[in-house]
file work_23.cif (mmCIF, C-alpha atoms)
data_start
loop_
_atom_site.label_atom_id
_atom_site.label_comp_id
_atom_site.auth_asym_id
_atom_site.auth_seq_id
_atom_site.Cartn_x
_atom_site.Cartn_y
_atom_site.Cartn_z
CA MET A 1 2.36 102.32 66.31
CA GLY A 2 4.72 102.15 69.29
CA LEU A 3 7.42 99.65 70.15
CA SER A 4 6.59 96.18 71.45
CA VAL A 5 6.95 95.50 75.17
CA GLN A 6 9.98 93.25 74.56
CA SER A 7 11.79 95.98 72.64
CA GLN A 8 10.98 98.62 75.26
CA GLU A 9 12.20 96.27 77.98
CA PHE A 10 15.44 95.63 76.10
CA LEU A 11 16.08 99.36 75.64
CA ALA A 12 15.36 100.07 79.33
CA ASN A 13 17.77 97.31 80.36
CA LEU A 14 20.40 98.57 77.94
CA ARG A 15 20.14 102.07 79.40
CA LEU A 16 20.49 100.70 82.96
CA TYR A 17 23.48 98.59 81.88
CA LEU A 18 25.31 101.47 80.20
CA ILE A 19 24.58 103.94 83.01
CA SER A 20 25.84 101.54 85.67
CA SER A 21 28.90 100.92 83.49
CA GLY A 22 29.76 104.62 83.76
CA LYS A 23 29.25 105.58 80.10
CA ASN A 24 28.57 109.11 78.90
CA GLU A 25 24.92 110.12 79.24
CA ASP A 26 24.64 111.81 75.83
CA GLU A 27 26.21 108.84 74.08
CA ILE A 28 23.82 106.49 75.90
CA GLU A 29 20.78 108.50 74.78
CA SER A 30 22.17 108.67 71.25
CA ILE A 31 22.59 104.89 70.84
CA ILE A 32 19.24 104.19 72.56
CA SER A 33 17.34 106.49 70.21
CA GLU A 34 19.15 105.01 67.21
CA LEU A 35 18.19 101.46 68.24
CA ASN A 36 14.67 102.67 69.01
CA ASP A 37 14.44 103.97 65.44
CA HIS A 38 15.78 100.69 64.03
CA LEU A 39 13.49 98.51 66.15
CA LEU A 40 10.43 100.56 65.13
CA GLN A 41 11.14 99.98 61.44
CA ALA A 42 12.11 96.33 61.94
CA GLU A 43 8.90 95.63 63.87
CA LYS A 44 6.86 97.25 61.11
CA ALA A 45 8.55 94.78 58.76
CA GLY A 46 7.42 91.91 61.01
CA LYS A 47 10.73 91.23 62.80
CA ASP A 48 11.14 91.05 66.57
CA VAL A 49 13.85 92.16 68.94
CA SER A 50 15.72 88.82 68.94
CA ASP A 51 16.09 89.05 65.13
CA ILE A 52 17.94 92.31 65.66
CA ILE A 53 20.10 91.74 68.71
CA GLY A 54 20.46 87.96 68.64
CA LYS A 55 19.65 85.33 71.23
CA SER A 56 21.57 86.89 74.10
CA PRO A 57 20.73 90.50 75.04
CA LYS A 58 23.58 90.29 77.56
CA ASP A 59 26.21 89.64 74.87
CA TYR A 60 24.80 92.42 72.72
CA MET A 61 24.85 94.92 75.60
CA LYS A 62 28.48 93.97 76.29
CA GLN A 63 29.43 94.44 72.61
CA LEU A 64 27.95 97.95 72.57
CA SER A 65 29.43 98.83 75.95
CA LYS A 66 32.90 97.76 74.80
CA GLU A 67 32.86 100.38 72.05
CA MET A 68 31.83 103.21 74.37
CA PRO A 69 34.50 104.90 76.52
CA ILE A 70 33.94 105.27 80.26
CA ASP A 71 33.12 108.86 81.14
CA ARG A 72 35.29 109.59 84.19
CA LYS A 73 33.70 113.01 84.63
CA ASP A 74 30.20 111.55 84.79
CA VAL A 75 31.34 108.80 87.18
CA LEU A 76 33.00 111.35 89.44
CA LYS A 77 29.98 113.66 89.23
CA TYR A 78 27.51 110.98 90.31
CA SER A 79 29.77 109.52 93.00
CA LEU A 80 30.29 112.96 94.46
CA MET A 81 26.58 113.68 94.28
CA VAL A 82 25.68 110.48 96.14
CA MET A 83 28.47 111.08 98.65
CA ILE A 84 27.40 114.67 99.42
CA GLY A 85 23.73 113.71 99.53
CA ALA A 86 24.32 110.79 101.89
CA ILE A 87 26.53 112.84 104.23
CA ALA A 88 23.95 115.67 104.29
CA PHE A 89 21.31 113.14 105.36
CA ILE A 90 23.54 111.65 108.06
CA VAL A 91 24.34 115.14 109.42
CA LEU A 92 20.65 116.16 109.48
CA GLY A 93 19.71 112.93 111.21
CA ASN A 94 22.30 113.56 113.89
CA VAL A 95 21.20 117.14 114.48
CA VAL A 96 17.53 116.20 114.73
CA ARG A 97 18.32 113.47 117.24
CA GLY A 98 20.08 115.80 119.64
CA GLY A 99 23.31 117.01 118.07
CA ILE A 100 26.28 115.80 116.07
CA GLU A 101 28.57 113.48 117.90
CA ALA A 102 30.90 111.48 115.69
CA SER A 103 33.84 109.28 116.56
CA VAL A 104 36.93 109.18 114.37
CA LEU A 105 35.91 105.64 113.45
CA GLU A 106 32.56 106.92 112.14
CA LEU A 107 34.14 109.82 110.28
CA ILE A 108 36.35 107.36 108.40
CA SER A 109 33.80 104.58 107.99
CA TYR A 110 30.83 106.49 106.58
CA PRO A 111 32.60 107.70 103.42
CA LEU A 112 34.05 104.20 102.93
CA ILE A 113 30.61 102.61 103.32
CA ILE A 114 29.16 105.08 100.80
CA LEU A 115 31.95 104.40 98.28
CA PHE A 116 31.55 100.66 98.70
CA TYR A 117 27.81 101.06 98.21
CA ILE A 118 28.25 103.02 94.96
CA GLY A 119 30.47 100.19 93.65
CA LEU A 120 27.96 97.58 94.78
CA ILE A 121 25.09 99.40 93.04
CA SER A 122 27.09 99.63 89.80
CA VAL A 123 27.84 95.89 89.79
CA THR A 124 24.35 94.82 90.89
CA PHE A 125 22.50 97.02 88.40
CA ARG A 126 24.59 95.68 85.53
CA ARG A 127 23.67 92.19 86.70
CA ILE A 128 19.99 93.16 86.94
CA ALA A 129 20.03 94.68 83.44
CA THR A 130 21.33 91.49 81.85
CA SER A 131 19.24 89.04 83.87
CA GLY A 132 15.96 87.82 82.44
CA ASN A 133 15.17 86.11 85.74
CA LYS A 134 12.59 88.12 87.78
CA MET A 135 13.28 86.11 90.93
CA LEU A 136 16.99 86.92 90.77
CA VAL A 137 16.25 90.61 90.14
CA TRP A 138 14.10 90.86 93.30
CA THR A 139 16.69 88.96 95.33
CA LEU A 140 19.44 91.32 94.16
CA LEU A 141 17.30 94.38 94.90
CA GLY A 142 16.62 92.98 98.37
CA ILE A 143 20.33 92.55 98.99
CA VAL A 144 21.09 96.07 97.73
CA GLY A 145 18.39 97.40 100.03
CA ALA A 146 19.64 95.53 103.08
CA VAL A 147 23.39 96.12 102.74
CA PRO A 148 23.52 99.74 104.01
CA THR A 149 21.45 98.88 107.09
CA VAL A 150 23.67 95.90 107.89
CA LEU A 151 26.86 97.92 107.38
CA ILE A 152 25.63 100.82 109.52
CA LEU A 153 24.52 98.43 112.28
CA ALA A 154 27.95 96.80 112.13
CA LEU A 155 29.57 100.23 112.39
CA LEU A 156 27.40 101.21 115.39
CA PHE A 157 28.33 97.93 117.07
CA LEU A 158 32.03 98.42 116.34
CA ASN A 159 31.79 102.01 117.51
CA GLY A 160 30.51 100.80 120.87
CA ALA A 161 33.24 98.19 121.15
CA VAL A 162 36.24 100.26 120.03
CA GLU A 163 37.13 103.48 121.76
CA THR A 164 38.20 106.30 119.38
CA PRO A 165 38.33 110.07 119.98
CA THR A 166 34.95 111.76 119.50
CA VAL A 167 34.05 115.05 117.90
CA THR A 168 31.05 116.74 119.52
CA PHE A 169 29.30 119.74 117.98
CA HIS A 170 27.71 122.31 120.27
CA SER A 171 24.46 124.17 119.68
CA THR A 172 25.58 126.88 117.25
CA TRP A 173 27.72 124.47 115.22
CA ASN A 174 24.83 122.01 115.02
CA ILE A 175 22.62 124.71 113.54
CA ILE A 176 25.32 125.72 111.06
CA ALA A 177 25.93 122.07 110.06
CA ALA A 178 22.19 121.49 109.61
CA ALA A 179 21.85 124.66 107.54
CA VAL A 180 24.75 123.58 105.29
CA ALA A 181 23.19 120.10 104.93
CA VAL A 182 19.80 121.59 104.00
CA LEU A 183 21.45 123.91 101.46
CA LEU A 184 23.35 120.95 99.95
CA ILE A 185 20.15 118.92 99.61
CA ILE A 186 18.36 121.87 97.99
CA GLY A 187 21.37 122.47 95.72
CA LEU A 188 21.50 118.83 94.60
CA SER A 189 17.76 118.87 93.97
CA LEU A 190 18.05 121.97 91.80
CA TRP A 191 20.98 120.45 89.95
CA THR A 192 19.28 117.14 89.23
CA ARG A 193 15.89 118.88 88.78
CA THR A 194 14.13 116.35 91.01
CA TRP A 195 12.18 116.75 94.21
CA VAL A 196 12.89 113.31 95.57
CA MET A 197 15.67 114.25 98.03
CA ILE A 198 13.74 117.16 99.51
CA ILE A 199 10.59 115.05 99.87
CA ILE A 200 12.44 112.16 101.51
CA ALA A 201 14.27 114.55 103.84
CA ALA A 202 10.94 116.11 104.86
CA ILE A 203 9.32 112.72 105.42
CA VAL A 204 12.22 111.40 107.48
CA PHE A 205 13.12 114.47 109.57
CA VAL A 206 9.98 116.57 110.04
CA PRO A 207 8.22 114.05 112.36
CA ASP A 208 11.24 114.04 114.70
CA LEU A 209 11.37 117.83 114.67
CA ILE A 210 7.68 118.02 115.59
CA MET A 211 8.13 115.48 118.38
CA ASN A 212 11.07 117.45 119.78
CA VAL A 213 8.85 120.44 120.54
CA THR A 214 6.06 118.38 122.15
CA GLU A 215 5.95 117.45 125.83
CA LEU A 216 5.24 113.77 125.15
CA GLU A 217 7.08 110.93 126.82
CA GLU A 218 10.24 109.70 125.09
CA SER A 219 8.77 106.32 124.06
CA THR A 220 5.57 107.94 122.75
CA LYS A 221 7.70 110.34 120.71
CA ILE A 222 9.66 107.52 119.08
CA ILE A 223 6.57 105.48 118.25
CA THR A 224 4.62 108.47 116.91
CA SER A 225 7.49 109.72 114.76
CA SER A 226 8.20 106.30 113.22
CA MET A 227 4.50 105.92 112.44
CA LEU A 228 4.49 109.36 110.82
CA ILE A 229 7.57 108.42 108.76
CA MET A 230 5.94 105.21 107.54
CA LEU A 231 2.72 107.05 106.75
CA GLY A 232 4.66 109.71 104.84
CA MET A 233 6.53 107.07 102.82
CA ALA A 234 3.28 105.25 102.03
CA ILE A 235 1.62 108.45 100.81
CA TYR A 236 4.68 109.36 98.72
CA LEU A 237 4.95 105.90 97.14
CA PHE A 238 1.20 105.95 96.42
CA PHE A 239 1.52 109.27 94.56
CA MET A 240 4.57 108.02 92.63
CA TRP A 241 2.69 104.88 91.68
CA LYS A 242 -0.32 106.89 90.47
CA LYS A 243 1.90 109.23 88.47
CA ASP A 244 3.74 106.27 86.92
CA LYS A 245 0.45 104.61 85.93
CA LYS A 246 -0.78 107.80 84.29
CA GLN A 247 2.44 108.14 82.27
CA ASN A 248 2.21 104.55 81.07
CA VAL A 249 -1.33 105.11 79.80
CA ILE A 250 -0.23 108.16 77.81
CA GLY A 251 3.00 106.56 76.52
CA MET B 1 41.99 85.37 63.79
CA SER B 2 38.55 83.80 64.31
CA SER B 3 36.05 83.59 61.47
CA SER B 4 33.82 86.20 63.14
CA GLN B 5 36.74 88.64 63.18
CA ILE B 6 37.33 88.17 59.46
CA LEU B 7 33.62 88.72 58.90
CA LYS B 8 33.70 91.88 61.03
CA GLY B 9 36.55 93.29 58.95
CA ILE B 10 34.64 92.56 55.76
CA LEU B 11 31.43 94.00 57.18
CA GLU B 12 33.27 97.18 58.16
CA GLY B 13 34.55 97.52 54.60
CA CYS B 14 31.05 97.00 53.22
CA LEU B 15 29.58 99.60 55.58
CA LEU B 16 32.25 102.08 54.47
CA SER B 17 31.26 101.39 50.88
CA ILE B 18 27.52 101.83 51.57
CA ILE B 19 28.04 105.05 53.51
CA GLY B 20 30.41 106.21 50.76
CA LYS B 21 27.55 106.00 48.24
CA GLY B 22 25.71 108.74 50.14
CA GLU B 23 24.56 109.72 53.61
CA THR B 24 22.52 106.93 55.19
CA TYR B 25 21.16 105.53 58.50
CA GLY B 26 21.31 102.17 60.28
CA TYR B 27 18.13 100.52 59.04
CA GLU B 28 18.78 101.61 55.46
CA MET B 29 22.29 100.13 55.63
CA ILE B 30 20.79 96.77 56.61
CA GLU B 31 18.27 96.96 53.77
CA LYS B 32 21.07 97.69 51.30
CA LEU B 33 23.22 94.87 52.71
CA ASN B 34 20.26 92.52 52.27
CA GLU B 35 19.78 93.67 48.66
CA TYR B 36 23.31 92.50 47.98
CA GLY B 37 22.60 89.17 49.65
CA PHE B 38 24.25 89.74 53.03
CA ASN B 39 21.50 87.99 54.98
CA MET B 40 23.97 86.31 57.36
CA VAL B 41 24.56 89.68 59.05
CA ARG B 42 22.55 90.08 62.26
CA GLU B 43 20.95 93.51 62.06
CA GLY B 44 22.09 94.74 65.46
CA SER B 45 25.72 93.83 64.81
CA ILE B 46 26.27 96.95 62.69
CA TYR B 47 25.85 99.29 65.68
CA PRO B 48 28.90 98.27 67.72
CA LEU B 49 30.86 98.53 64.45
CA LEU B 50 29.44 101.97 63.66
CA LEU B 51 30.33 103.12 67.19
CA ARG B 52 33.90 102.00 66.64
CA MET B 53 34.12 103.54 63.17
CA LYS B 54 32.93 106.83 64.61
CA LYS B 55 35.45 106.62 67.45
CA GLU B 56 38.21 105.98 64.91
CA GLY B 57 37.11 109.02 62.93
CA LEU B 58 36.06 107.10 59.81
CA VAL B 59 32.49 108.40 59.89
CA VAL B 60 30.62 111.39 61.28
CA THR B 61 26.97 111.53 62.28
CA SER B 62 24.28 114.17 62.10
CA GLN B 63 20.74 114.22 63.48
CA LYS B 64 17.97 114.98 61.03
CA GLN B 65 14.30 115.66 61.58
CA LEU B 66 12.07 113.33 59.58
CA PRO B 67 9.45 114.94 57.34
CA SER B 68 6.86 112.70 59.04
CA GLY B 69 7.76 114.24 62.40
CA GLY B 70 8.65 112.03 65.35
CA PRO B 71 12.14 111.58 66.78
CA LYS B 72 15.25 112.61 64.88
CA ARG B 73 17.20 110.08 62.85
CA LYS B 74 20.97 109.60 62.94
CA TYR B 75 22.69 109.79 59.54
CA TYR B 76 26.25 108.68 58.79
CA SER B 77 28.69 110.05 56.25
CA LEU B 78 32.35 109.29 55.48
CA THR B 79 35.22 111.48 56.59
CA ARG B 80 38.39 111.93 54.59
CA LYS B 81 39.96 109.21 56.74
CA GLY B 82 36.98 106.96 56.05
CA GLU B 83 37.42 107.43 52.29
CA GLU B 84 41.08 106.47 52.60
CA GLU B 85 40.14 103.41 54.66
CA LEU B 86 37.59 102.42 52.00
CA ALA B 87 40.22 102.70 49.25
CA ALA B 88 42.60 100.54 51.30
CA PHE B 89 39.84 97.97 51.89
CA LYS B 90 39.04 97.81 48.14
CA GLU B 91 42.67 97.13 47.36
CA LYS B 92 43.07 94.48 50.08
CA TRP B 93 39.80 92.79 49.19
CA GLY B 94 40.62 92.81 45.47
CA SER B 95 43.84 90.91 45.90
CA LEU B 96 42.41 88.61 48.61
CA SER B 97 39.36 87.61 46.60
CA LYS B 98 41.47 87.07 43.47
CA SER B 99 43.80 84.75 45.39
CA VAL B 100 40.95 82.80 46.95
CA ASP B 101 39.19 82.49 43.58
CA ARG B 102 42.38 81.27 41.90
CA LEU B 103 42.98 78.71 44.62
CA LEU B 104 39.44 77.37 44.58
CA GLU B 105 39.24 77.21 40.79
CA GLU B 106 42.14 74.75 40.72
CA GLU B 107 40.08 72.35 42.79
CA GLY B 108 37.18 72.31 40.35
#
call {"tool": "encode", "arguments": {"input": "work_23.cif", "output": "C-alpha cells"}}
result
Amino acid sequence: MGLSVQSQEFLANLRLYLISSGKNEDEIESIISELNDHLLQAEKAGKDVSDIIGKSPKDYMKQLSKEMPIDRKDVLKYSLMVMIGAIAFIVLGNVVRGGIEASVLELISYPLIILFYIGLISVTFRRIATSGNKMLVWTLLGIVGAVPTVLILALLFLNGAVETPTVTFHSTWNIIAAAVAVLLIIGLSLWTRTWVMIIIAAIVFVPDLIMNVTELEESTKIITSSMLIMLGMAIYLFFMWKKDKKQNVIG
Amino acid sequence: MSSSQILKGILEGCLLSIIGKGETYGYEMIEKLNEYGFNMVREGSIYPLLLRMKKEGLVVTSQKQLPSGGPKRKYYSLTRKGEEELAAFKEKWGSLSKSVDRLLEEEG
C-alpha cells in the first residue's frame, strides 16, 4: 500500500521548501525518505499526516529547516548554473537575430536581473510550499512568470532612453560566441542529466534560423517563426504531460 | 524558558535513553515512547530533535535494507558523546525530579 495523497503532497512541499531554502540535497533526500518511512507505518496504524506533523505543515517545515545547515556550495552551484544557462540563451538569441550588440547598461543589468530572479524564485517557492491556498499558488506562479518579461522590457526601454557605450560583435566573433553558448548549454544538460535546456533552445532558436535562410518578407518571417515556436512549445508540453500521466499511473 | 523548551530537553534525554538501549529508528522510538505513556509527544517532533542530535554528534545514523525489501530504513545509535550526554541527563533529571517530588509532597 502506498502513501495517501495528503502525505505525498506534504513530502513534495517539504522538498520544495528545503530546496528553495538552499539546504543540502543529500540531507533533504535523507529526511524525506525517513519521514516517508514513518508516514507509511503511521498510516498503516490508522493515523494521518496531521497526527504526525501537527496542524500547521508550515511550522513543521520551518522546525526541520532550522536544524539543517544551508549548503553554500549547492546554492553557489545552482546560482551559477542558472546564470550561465540564462546568459547562453541571451547570447544565442542575439546571434540568431542578427548579431550581438550589447550596451554597457545591458551587460551590467542582465546579470543583476538574473540574480534578482534567483532570489525571487527562492522566496516565492518557499511561500508556495507552505501555502495550502491553490488560488494564491497560481497567482504567485503568474507573478514569477511575468517578472522577467517586465524587467527585460524595462531594460530595453531604459536602454533606448539612456546612451551608454555599445559593444558590437562582428561575424567571426558572433559564431564563436554562439558556439561557446551551445557548448555551455550542452555541458549543463550533461551535468544535470536533463534534456530540457537543449529542447527549449531548439524550439526557440531553430525557427528563426530556418527563417533566416528563406527569402520570405520580414513580417512573414516573424509571424511564421513565432507560430513555429508556439507549436513547438505545445508539442513539448503535450509530451511532458503524457509522460507525467504515465508515471503517475505506475507510481 | 518556555514549557515547550523544558519538554524538548526532557524528550531529548528520553530519546538518548531509548537509542542507548539499542539501535533503533524513528517510528520504533515513538512506539517505545508511547509504551512508557508519552502520548503528549507529537510523532513528527522527534525528527527536528534527531537532526540536531546528529549535528551535535550525539548520535550516528546508518541505512539498512529491510528484509521485506522496499526503501532503506535509517537507524540511530549513540556515540561516545551521546552516552556522556545521557549520563549527564540521568543525573540532572534525578535531582530535579527528587526536588519536584519533595516539594509537591509537602502540599498533600
call {"tool": "closest_atom_pairs", "arguments": {"input": "work_23.cif", "of": "chain B", "to": "chain A", "cutoff": "7 Å", "atoms": "only C-alpha atoms", "output": "Markdown table"}}
result
| residue | atom | partner | partner_atom | distance |
| --- | --- | --- | --- | --- |
| B:Gly26 | CA | A:His38 | CA | 6.8 |
| B:Tyr27 | CA | A:His38 | CA | 5.5 |
| B:Arg42 | CA | A:Ile52 | CA | 6.1 |
| B:Glu43 | CA | A:Ile52 | CA | 4.8 |
| B:Gly44 | CA | A:Ile52 | CA | 4.8 |
| B:Pro48 | CA | A:Leu64 | CA | 5.0 |
| B:Leu51 | CA | A:Glu67 | CA | 6.1 |
| B:Arg52 | CA | A:Glu67 | CA | 5.7 |
| B:Arg73 | CA | A:Glu34 | CA | 7.0 |
| B:Lys74 | CA | A:Glu34 | CA | 6.5 |
call {"tool": "resolve_selection", "arguments": {"input": "work_23.cif", "expression": "the PyMOL selection byres ((chain B and resi 12-18) around 7)", "output": "ChimeraX atom specification"}}
result
/B:8-11,19-21,29,49,82,86,89
call {"tool": "closest_residue", "arguments": {"input": "work_23.cif", "among": "A:Arg97, A:Arg193, A:Arg127, A:Arg72", "to": "Ser225 (chain A)", "atoms": "only C-alpha atoms"}}
result
A:Arg97
call {"tool": "residues_around", "arguments": {"input": "work_23.cif", "residues": "region 136-142 of chain A", "least_positions_apart": "4", "cutoff": "10 Å", "atoms": "all atoms listed in the file", "output": "compact mmCIF listing (two decimals) with C-alpha atoms, in the coordinates of the input"}}
result
# COMPACT_ATOMS: atom_id res chain seq x y z
CA ILE A 121 25.09 99.40 93.04
CA THR A 124 24.35 94.82 90.89
CA PHE A 125 22.50 97.02 88.40
CA ARG A 127 23.67 92.19 86.70
CA ILE A 128 19.99 93.16 86.94
CA ALA A 129 20.03 94.68 83.44
CA THR A 130 21.33 91.49 81.85
CA SER A 131 19.24 89.04 83.87
CA GLY A 132 15.96 87.82 82.44
CA ALA A 146 19.64 95.53 103.08
CA VAL A 147 23.39 96.12 102.74
call {"tool": "residues_around", "arguments": {"input": "work_23.cif", "residues": "Ala102 (chain A)", "least_positions_apart": "4", "cutoff": "8 Å", "atoms": "all atoms listed in the file", "output": "mmCIF file with C-alpha atoms, in the frame of the given file"}}
result
data_model
loop_
_atom_site.group_PDB
_atom_site.id
_atom_site.type_symbol
_atom_site.label_atom_id
_atom_site.label_comp_id
_atom_site.auth_asym_id
_atom_site.auth_seq_id
_atom_site.Cartn_x
_atom_site.Cartn_y
_atom_site.Cartn_z
ATOM 1 C CA GLU A 106 32.560 106.920 112.140
ATOM 2 C CA LEU A 107 34.140 109.820 110.280
ATOM 3 C CA THR A 166 34.950 111.760 119.500
ATOM 4 C CA VAL A 167 34.050 115.050 117.900
ATOM 5 C CA THR A 168 31.050 116.740 119.520
#
call {"tool": "residues_around", "arguments": {"input": "work_23.cif", "residues": "Leu50 (chain B)", "least_positions_apart": "3", "cutoff": "9 Å", "atoms": "all atoms listed in the file", "output": "JSON, numbers by chain"}}
result
{"B": [12, 15, 26, 46, 47, 53, 54, 55, 59, 76]}
